[in-house]
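Asks: The structure under discussion is supplied below as structure tokens; questions concerning it will follow.
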Amino acid sequence: MKYSNIKEGIFISRPNRFIANVIIDGKIEVVHVKNTGRCKELLVEGSKIFLEKSNNINRKTKYDLISVYKGDRLINMDSQMPNKLLHEWILSSSFFKDIILIKPEYKYKQSRLDFFIETKFNKYMIEVKGVTLERDNIALFPDAPTVRGVKHINHLIDSLEDGFISYIFFIIQMDNIDYFTPNYETDICFFDALNNADNKGVKIVALYCNVSIDEIVIKDFTKIVLKKRELL
């Protein structure tokens with residue numbers, strides 16, 4: 001997926017989840033942050049960032065903050081991007097064969113899961129999680145407790161009994177990591193739910209991305225490590 005009208009900036013501060021103060025061309029600008037997560041390890045004062053300038057002249061903010069350097073690694077933090085990337089990847093790969101229908105935002109029980117896919121032979125339920133947290137070259141999710149994420153996993157488990165083949169895809173918005181693992185230190189409930197889903201038969205997939213200043217694309221599968229509670 002390509003971005004346009006990219007500008008480089010320097011991050012200063014984040015007054016709330018939706019906006020940030022940054023320096024662009026020597027001038028302080030208030031910009032929109034395309035990720036309502038904490039992202040504290042990314043949005044550090046002085047960090048080099050990249051922004052996309054909007055074509056909408058009526059917007060209050062001219063720019064969207066889309067990526068940031070953490071050390072030498074460029075990390076995409078656009079939370080709208082993982083679903084777009086996976087949709088594109090599904091259409092261009094042969095992972096799901098003989099697709100008849102792809103329906104985004106599929107209502108199931110009390111959730112809206114990210115995709116429903118129907119093929120000639122099977123029906124699939126899919127949830128997508130974007131991953132922006134990295135420690136010691138390991139990608140982790142979540143970066144904050146997520147009750148909603150636990151609910152989605154439990155509904156994926158329920159969907160197995162209704163005849164669906166269910167997947168959770170972790171889209172790692174960076175490259176060159178060693179593996180993906182659930183972040184039990186931040187959310188033990190999510191950690192337990194993901195392990196339970198794995199035991200019940202929900203398929204777990206992690207895909208890393210190539211990230212550049214104006215583009216992000218899914219590159220390949222990466223290793224998943226699901227540590228068990230008794231080993232913690």
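Please note that chains go A, B, ... in the order of the structure tokens, that every chain numbers its residues from 1, and that ligands are numbered from 1 in the order shown.
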Counting only C-alpha atoms, what is within 8 Å of Leu226 (chain A), bar same-chain residues fewer than 6 positions away, as an MDAnalysis selection string?
Replies: chainID A and resid 181:182 195
Asks: Just to be explicit: take each residue in the selection above, keep C-alpha atoms, and write the result as a PDB file, in the first residue's frame.
Replies:
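Result file is result-v9.pdb:
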```pdb
ATOM      1  CA  THR A 181       4.619 -13.604  20.890  1.00  0.00           C
ATOM      2  CA  PRO A 182       1.615 -12.426  22.941  1.00  0.00           C
ATOM      3  CA  ASN A 195      -3.393 -19.880  24.069  1.00  0.00           C
TER       4      ASN A 195
END
```
Asks: What are the closest atom pairs, with distances in Å to one decimal, for all residues of region 19-133 of chain A lying within 9 Å of region 152-165 of chain A? Consider only C-alpha atoms, order rows by chain and residue number, and present the result as a Markdown table.
Replies:
```
| residue | atom | partner | partner_atom | distance |
| --- | --- | --- | --- | --- |
| A:Tyr108 | CA | A:His155 | CA | 7.6 |
| A:Lys109 | CA | A:His155 | CA | 7.5 |
| A:Gln110 | CA | A:His155 | CA | 8.4 |
| A:Ser111 | CA | A:His152 | CA | 6.6 |
| A:Arg112 | CA | A:His152 | CA | 8.2 |
| A:Leu113 | CA | A:His152 | CA | 7.0 |
| A:Asn122 | CA | A:Ile165 | CA | 7.3 |
| A:Lys123 | CA | A:Phe164 | CA | 5.3 |
| A:Tyr124 | CA | A:Ile165 | CA | 4.7 |
| A:Met125 | CA | A:Phe164 | CA | 6.3 |
| A:Ile126 | CA | A:Leu156 | CA | 7.8 |
| A:Glu127 | CA | A:His152 | CA | 7.4 |
```
Asks: Could you save the residues just selected, with N, CA and C atoms, as a tab-separated table (two decimals), in the first residue's frame?
Replies:
```tsv
chain	number	residue	atom	x	y	z
A	108	TYR	N	-20.91	-10.99	14.05
A	108	TYR	CA	-21.04	-12.33	14.61
A	108	TYR	C	-21.23	-12.20	16.12
A	109	LYS	N	-22.38	-12.65	16.59
A	109	LYS	CA	-22.75	-12.50	18.00
A	109	LYS	C	-22.64	-11.01	18.38
A	110	GLN	N	-21.88	-10.71	19.44
A	110	GLN	CA	-21.78	-9.31	19.87
A	110	GLN	C	-20.53	-8.62	19.33
A	111	SER	N	-19.93	-9.17	18.30
A	111	SER	CA	-18.71	-8.60	17.73
A	111	SER	C	-18.88	-8.30	16.25
A	112	ARG	N	-18.02	-7.43	15.77
A	112	ARG	CA	-17.83	-7.27	14.34
A	112	ARG	C	-16.43	-7.76	14.04
A	113	LEU	N	-16.33	-8.96	13.51
A	113	LEU	CA	-15.02	-9.51	13.17
A	113	LEU	C	-14.58	-8.95	11.82
A	122	ASN	N	-15.35	-23.96	2.00
A	122	ASN	CA	-15.32	-23.61	3.42
A	122	ASN	C	-15.77	-22.18	3.66
A	123	LYS	N	-16.10	-21.93	4.93
A	123	LYS	CA	-16.39	-20.58	5.39
A	123	LYS	C	-15.41	-20.23	6.51
A	124	TYR	N	-14.86	-19.01	6.42
A	124	TYR	CA	-13.79	-18.59	7.34
A	124	TYR	C	-14.20	-17.34	8.10
A	125	MET	N	-13.80	-17.29	9.36
A	125	MET	CA	-13.95	-16.10	10.18
A	125	MET	C	-12.55	-15.60	10.51
A	126	ILE	N	-12.32	-14.31	10.32
A	126	ILE	CA	-10.96	-13.78	10.44
A	126	ILE	C	-10.95	-12.51	11.28
A	127	GLU	N	-10.02	-12.46	12.22
A	127	GLU	CA	-9.75	-11.24	12.98
A	127	GLU	C	-8.31	-10.81	12.71
```
Asks: Tell me which of A:Tyr208, A:Ser92, A:Val131, A:Glu215 sits closest to Ile66 (chain A), counting only C-alpha atoms.
Replies: A:Glu215
Asks: Counting only C-alpha atoms, which residue out of A:Ile204, A:Val225, A:Val128, A:Ile171 sits closest to Tyr184 (chain A)?
Replies: A:Val225
Asks: What's the 10 Å shell around region 6-13 of chain A, counting only C-alpha atoms, without same-chain residues fewer than 3 positions away, as a PyMOL selection string?
Replies: chain A and resi 3+16+19-30+42-54+63-68+213-214
Asks: What is the distance between CA of Ser166 (chain A) and CA of Lys203 (chain A), in Å to one decimal?
Replies: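 Between CA of Ser166 (chain A) and CA of Lys203 (chain A) the gap is 6.2 Å.
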Asks: Among region 44-189 of chain A, which ones does DSSP assign to strand (DSSP E) (computed from the backbone)? Answer as a PyMOL selection string.
Replies: chain A and resi 48-53+63-70+73-76+99-108+111-119+123-131+133-135+138-141+165-172+179-182
Asks: Could the residues in this selection be saved with C-alpha atoms as an mmCIF file, in the first residue's frame?
Replies:
```cif
data_model
loop_
_atom_site.group_PDB
_atom_site.id
_atom_site.type_symbol
_atom_site.label_atom_id
_atom_site.label_comp_id
_atom_site.auth_asym_id
_atom_site.auth_seq_id
_atom_site.Cartn_x
_atom_site.Cartn_y
_atom_site.Cartn_z
ATOM 1 C CA LYS A 48 12.025 11.139 13.417
ATOM 2 C CA ILE A 49 8.540 10.624 12.001
ATOM 3 C CA PHE A 50 6.828 10.613 8.626
ATOM 4 C CA LEU A 51 3.484 12.134 7.827
ATOM 5 C CA GLU A 52 1.041 12.115 4.934
ATOM 6 C CA LYS A 53 -0.370 15.481 3.925
ATOM 7 C CA TYR A 63 -1.170 15.846 8.281
ATOM 8 C CA ASP A 64 -1.548 12.234 9.432
ATOM 9 C CA LEU A 65 1.305 10.682 11.412
ATOM 10 C CA ILE A 66 1.917 7.283 9.806
ATOM 11 C CA SER A 67 5.379 6.013 10.771
ATOM 12 C CA VAL A 68 8.264 6.555 13.173
ATOM 13 C CA TYR A 69 11.873 5.509 13.536
ATOM 14 C CA LYS A 70 12.699 3.455 16.615
ATOM 15 C CA ARG A 73 13.936 0.529 12.344
ATOM 16 C CA LEU A 74 11.049 2.297 10.616
ATOM 17 C CA ILE A 75 7.724 1.202 12.119
ATOM 18 C CA ASN A 76 4.386 1.902 10.482
ATOM 19 C CA ILE A 99 -12.827 -17.414 -3.016
ATOM 20 C CA ILE A 100 -16.470 -16.634 -3.668
ATOM 21 C CA LEU A 101 -17.011 -13.791 -1.194
ATOM 22 C CA ILE A 102 -14.994 -11.531 1.108
ATOM 23 C CA LYS A 103 -17.097 -9.494 3.509
ATOM 24 C CA PRO A 104 -15.358 -6.992 5.817
ATOM 25 C CA GLU A 105 -16.773 -6.052 9.231
ATOM 26 C CA TYR A 106 -18.804 -9.243 9.579
ATOM 27 C CA LYS A 107 -21.278 -9.213 12.476
ATOM 28 C CA TYR A 108 -21.040 -12.332 14.614
ATOM 29 C CA SER A 111 -18.712 -8.596 17.725
ATOM 30 C CA ARG A 112 -17.829 -7.273 14.338
ATOM 31 C CA LEU A 113 -15.024 -9.513 13.168
ATOM 32 C CA ASP A 114 -12.762 -8.159 10.487
ATOM 33 C CA PHE A 115 -13.517 -10.538 7.605
ATOM 34 C CA PHE A 116 -15.840 -13.321 6.571
ATOM 35 C CA ILE A 117 -14.577 -15.363 3.626
ATOM 36 C CA GLU A 118 -16.528 -17.957 1.697
ATOM 37 C CA THR A 119 -14.843 -20.330 -0.733
ATOM 38 C CA LYS A 123 -16.392 -20.577 5.391
ATOM 39 C CA TYR A 124 -13.795 -18.594 7.337
ATOM 40 C CA MET A 125 -13.954 -16.100 10.180
ATOM 41 C CA ILE A 126 -10.959 -13.775 10.440
ATOM 42 C CA GLU A 127 -9.750 -11.244 12.983
ATOM 43 C CA VAL A 128 -6.789 -8.927 12.309
ATOM 44 C CA LYS A 129 -4.471 -7.280 14.821
ATOM 45 C CA GLY A 130 -1.813 -4.729 13.937
ATOM 46 C CA VAL A 131 1.471 -5.069 15.806
ATOM 47 C CA LEU A 133 5.384 -3.088 19.722
ATOM 48 C CA GLU A 134 8.933 -4.469 19.560
ATOM 49 C CA ARG A 135 11.349 -5.436 22.328
ATOM 50 C CA ILE A 138 10.599 -9.598 19.215
ATOM 51 C CA ALA A 139 7.162 -8.375 18.091
ATOM 52 C CA LEU A 140 4.474 -8.323 20.786
ATOM 53 C CA PHE A 141 0.742 -7.691 21.062
ATOM 54 C CA ILE A 165 -12.547 -22.239 10.059
ATOM 55 C CA SER A 166 -11.273 -19.359 12.143
ATOM 56 C CA TYR A 167 -8.051 -17.347 11.954
ATOM 57 C CA ILE A 168 -6.392 -14.524 13.813
ATOM 58 C CA PHE A 169 -3.776 -12.684 11.764
ATOM 59 C CA PHE A 170 -1.127 -10.541 13.430
ATOM 60 C CA ILE A 171 0.164 -7.996 10.929
ATOM 61 C CA ILE A 172 3.593 -6.898 12.151
ATOM 62 C CA TYR A 179 9.404 -13.891 16.123
ATOM 63 C CA PHE A 180 5.973 -12.844 17.417
ATOM 64 C CA THR A 181 4.619 -13.604 20.890
ATOM 65 C CA PRO A 182 1.615 -12.426 22.941
#
```
Asks: Give me, please, the distance in Å between CA of Ile188 (chain A) and CA of Thr132 (chain A), quoted to one decimal.
Replies: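 Separating CA of Ile188 (chain A) from CA of Thr132 (chain A) is a distance of 18.4 Å.
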Asks: Need the shell around Lys219 (chain A): protein/DNA/RNA residues with any atom at most 9 Å away, counting only C-alpha atoms. Skip same-chain ones fewer than 2 positions apart. Format as a list in words?
Replies: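 Near Lys219 (chain A), the qualifying residues are Asp175, Leu207, Tyr208, Cys209, Asn210, Val217 and Phe221 of chain A.
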Asks: For N, CA and C atoms, I'd like the residues from the last selection saved as a PDB file, in the first residue's frame.
Replies:
```pdb
ATOM      1  N   ASP A 175       9.837  -4.880   9.910  1.00  0.00           N
ATOM      2  CA  ASP A 175      10.518  -6.048   9.368  1.00  0.00           C
ATOM      3  C   ASP A 175      11.685  -6.463  10.261  1.00  0.00           C
ATOM      4  N   LEU A 207       2.384 -12.238  10.125  1.00  0.00           N
ATOM      5  CA  LEU A 207       2.995 -11.795   8.878  1.00  0.00           C
ATOM      6  C   LEU A 207       3.756 -10.499   9.126  1.00  0.00           C
ATOM      7  N   TYR A 208       5.016 -10.446   8.690  1.00  0.00           N
ATOM      8  CA  TYR A 208       5.763  -9.207   8.849  1.00  0.00           C
ATOM      9  C   TYR A 208       5.727  -8.416   7.543  1.00  0.00           C
ATOM     10  N   CYS A 209       6.038  -7.134   7.656  1.00  0.00           N
ATOM     11  CA  CYS A 209       5.932  -6.230   6.515  1.00  0.00           C
ATOM     12  C   CYS A 209       7.270  -5.577   6.184  1.00  0.00           C
ATOM     13  N   ASN A 210       7.444  -5.238   4.934  1.00  0.00           N
ATOM     14  CA  ASN A 210       8.497  -4.322   4.518  1.00  0.00           C
ATOM     15  C   ASN A 210       7.936  -2.905   4.602  1.00  0.00           C
ATOM     16  N   VAL A 217       4.145  -3.119   2.713  1.00  0.00           N
ATOM     17  CA  VAL A 217       3.613  -4.315   2.055  1.00  0.00           C
ATOM     18  C   VAL A 217       3.899  -5.531   2.925  1.00  0.00           C
ATOM     19  N   PHE A 221       5.606 -14.793   6.191  1.00  0.00           N
ATOM     20  CA  PHE A 221       5.241 -15.326   7.499  1.00  0.00           C
ATOM     21  C   PHE A 221       6.415 -15.192   8.459  1.00  0.00           C
TER      22      PHE A 221
END
```
Asks: I need the residues of region 42-175 of chain A that end up classed as alpha helix (DSSP H) by DSSP on the backbone, written out as JSON, numbers by chain.
Replies: {"A": [81, 82, 83, 84, 85, 86, 87, 88, 89, 90, 91, 92, 147, 148, 149, 150, 151, 152, 153, 154, 155, 156, 157, 158, 159, 160, 161]}
Asks: Could the residues in this selection be written to a file with C-alpha atoms, as a compact mmCIF listing (two decimals), in the first residue's frame?
Replies:
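Once everything was written out, this is part.txt:
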```
# COMPACT_ATOMS: atom_id res chain seq x y z
CA MET A 81 -3.44 -0.24 7.50
CA PRO A 82 -3.42 -3.91 8.75
CA ASN A 83 -6.94 -4.68 7.48
CA LYS A 84 -6.17 -3.07 4.12
CA LEU A 85 -2.92 -4.99 3.85
CA LEU A 86 -4.50 -8.33 4.71
CA HIS A 87 -7.34 -7.78 2.25
CA GLU A 88 -4.82 -7.03 -0.48
CA TRP A 89 -2.69 -10.03 0.52
CA ILE A 90 -5.69 -12.38 0.51
CA LEU A 91 -6.57 -11.31 -3.03
CA SER A 92 -3.02 -11.55 -4.34
CA VAL A 147 -10.93 -6.33 26.65
CA ARG A 148 -12.20 -6.02 23.08
CA GLY A 149 -9.35 -8.18 21.80
CA VAL A 150 -10.18 -10.93 24.30
CA LYS A 151 -13.85 -10.81 23.28
CA HIS A 152 -12.92 -11.19 19.61
CA ILE A 153 -10.75 -14.23 20.36
CA ASN A 154 -13.54 -15.86 22.36
CA HIS A 155 -15.96 -15.31 19.50
CA LEU A 156 -13.49 -16.90 17.09
CA ILE A 157 -13.49 -19.94 19.39
CA ASP A 158 -17.31 -19.95 19.40
CA SER A 159 -17.38 -19.77 15.61
CA LEU A 160 -15.60 -23.13 15.37
CA GLU A 161 -18.73 -24.80 16.77
```
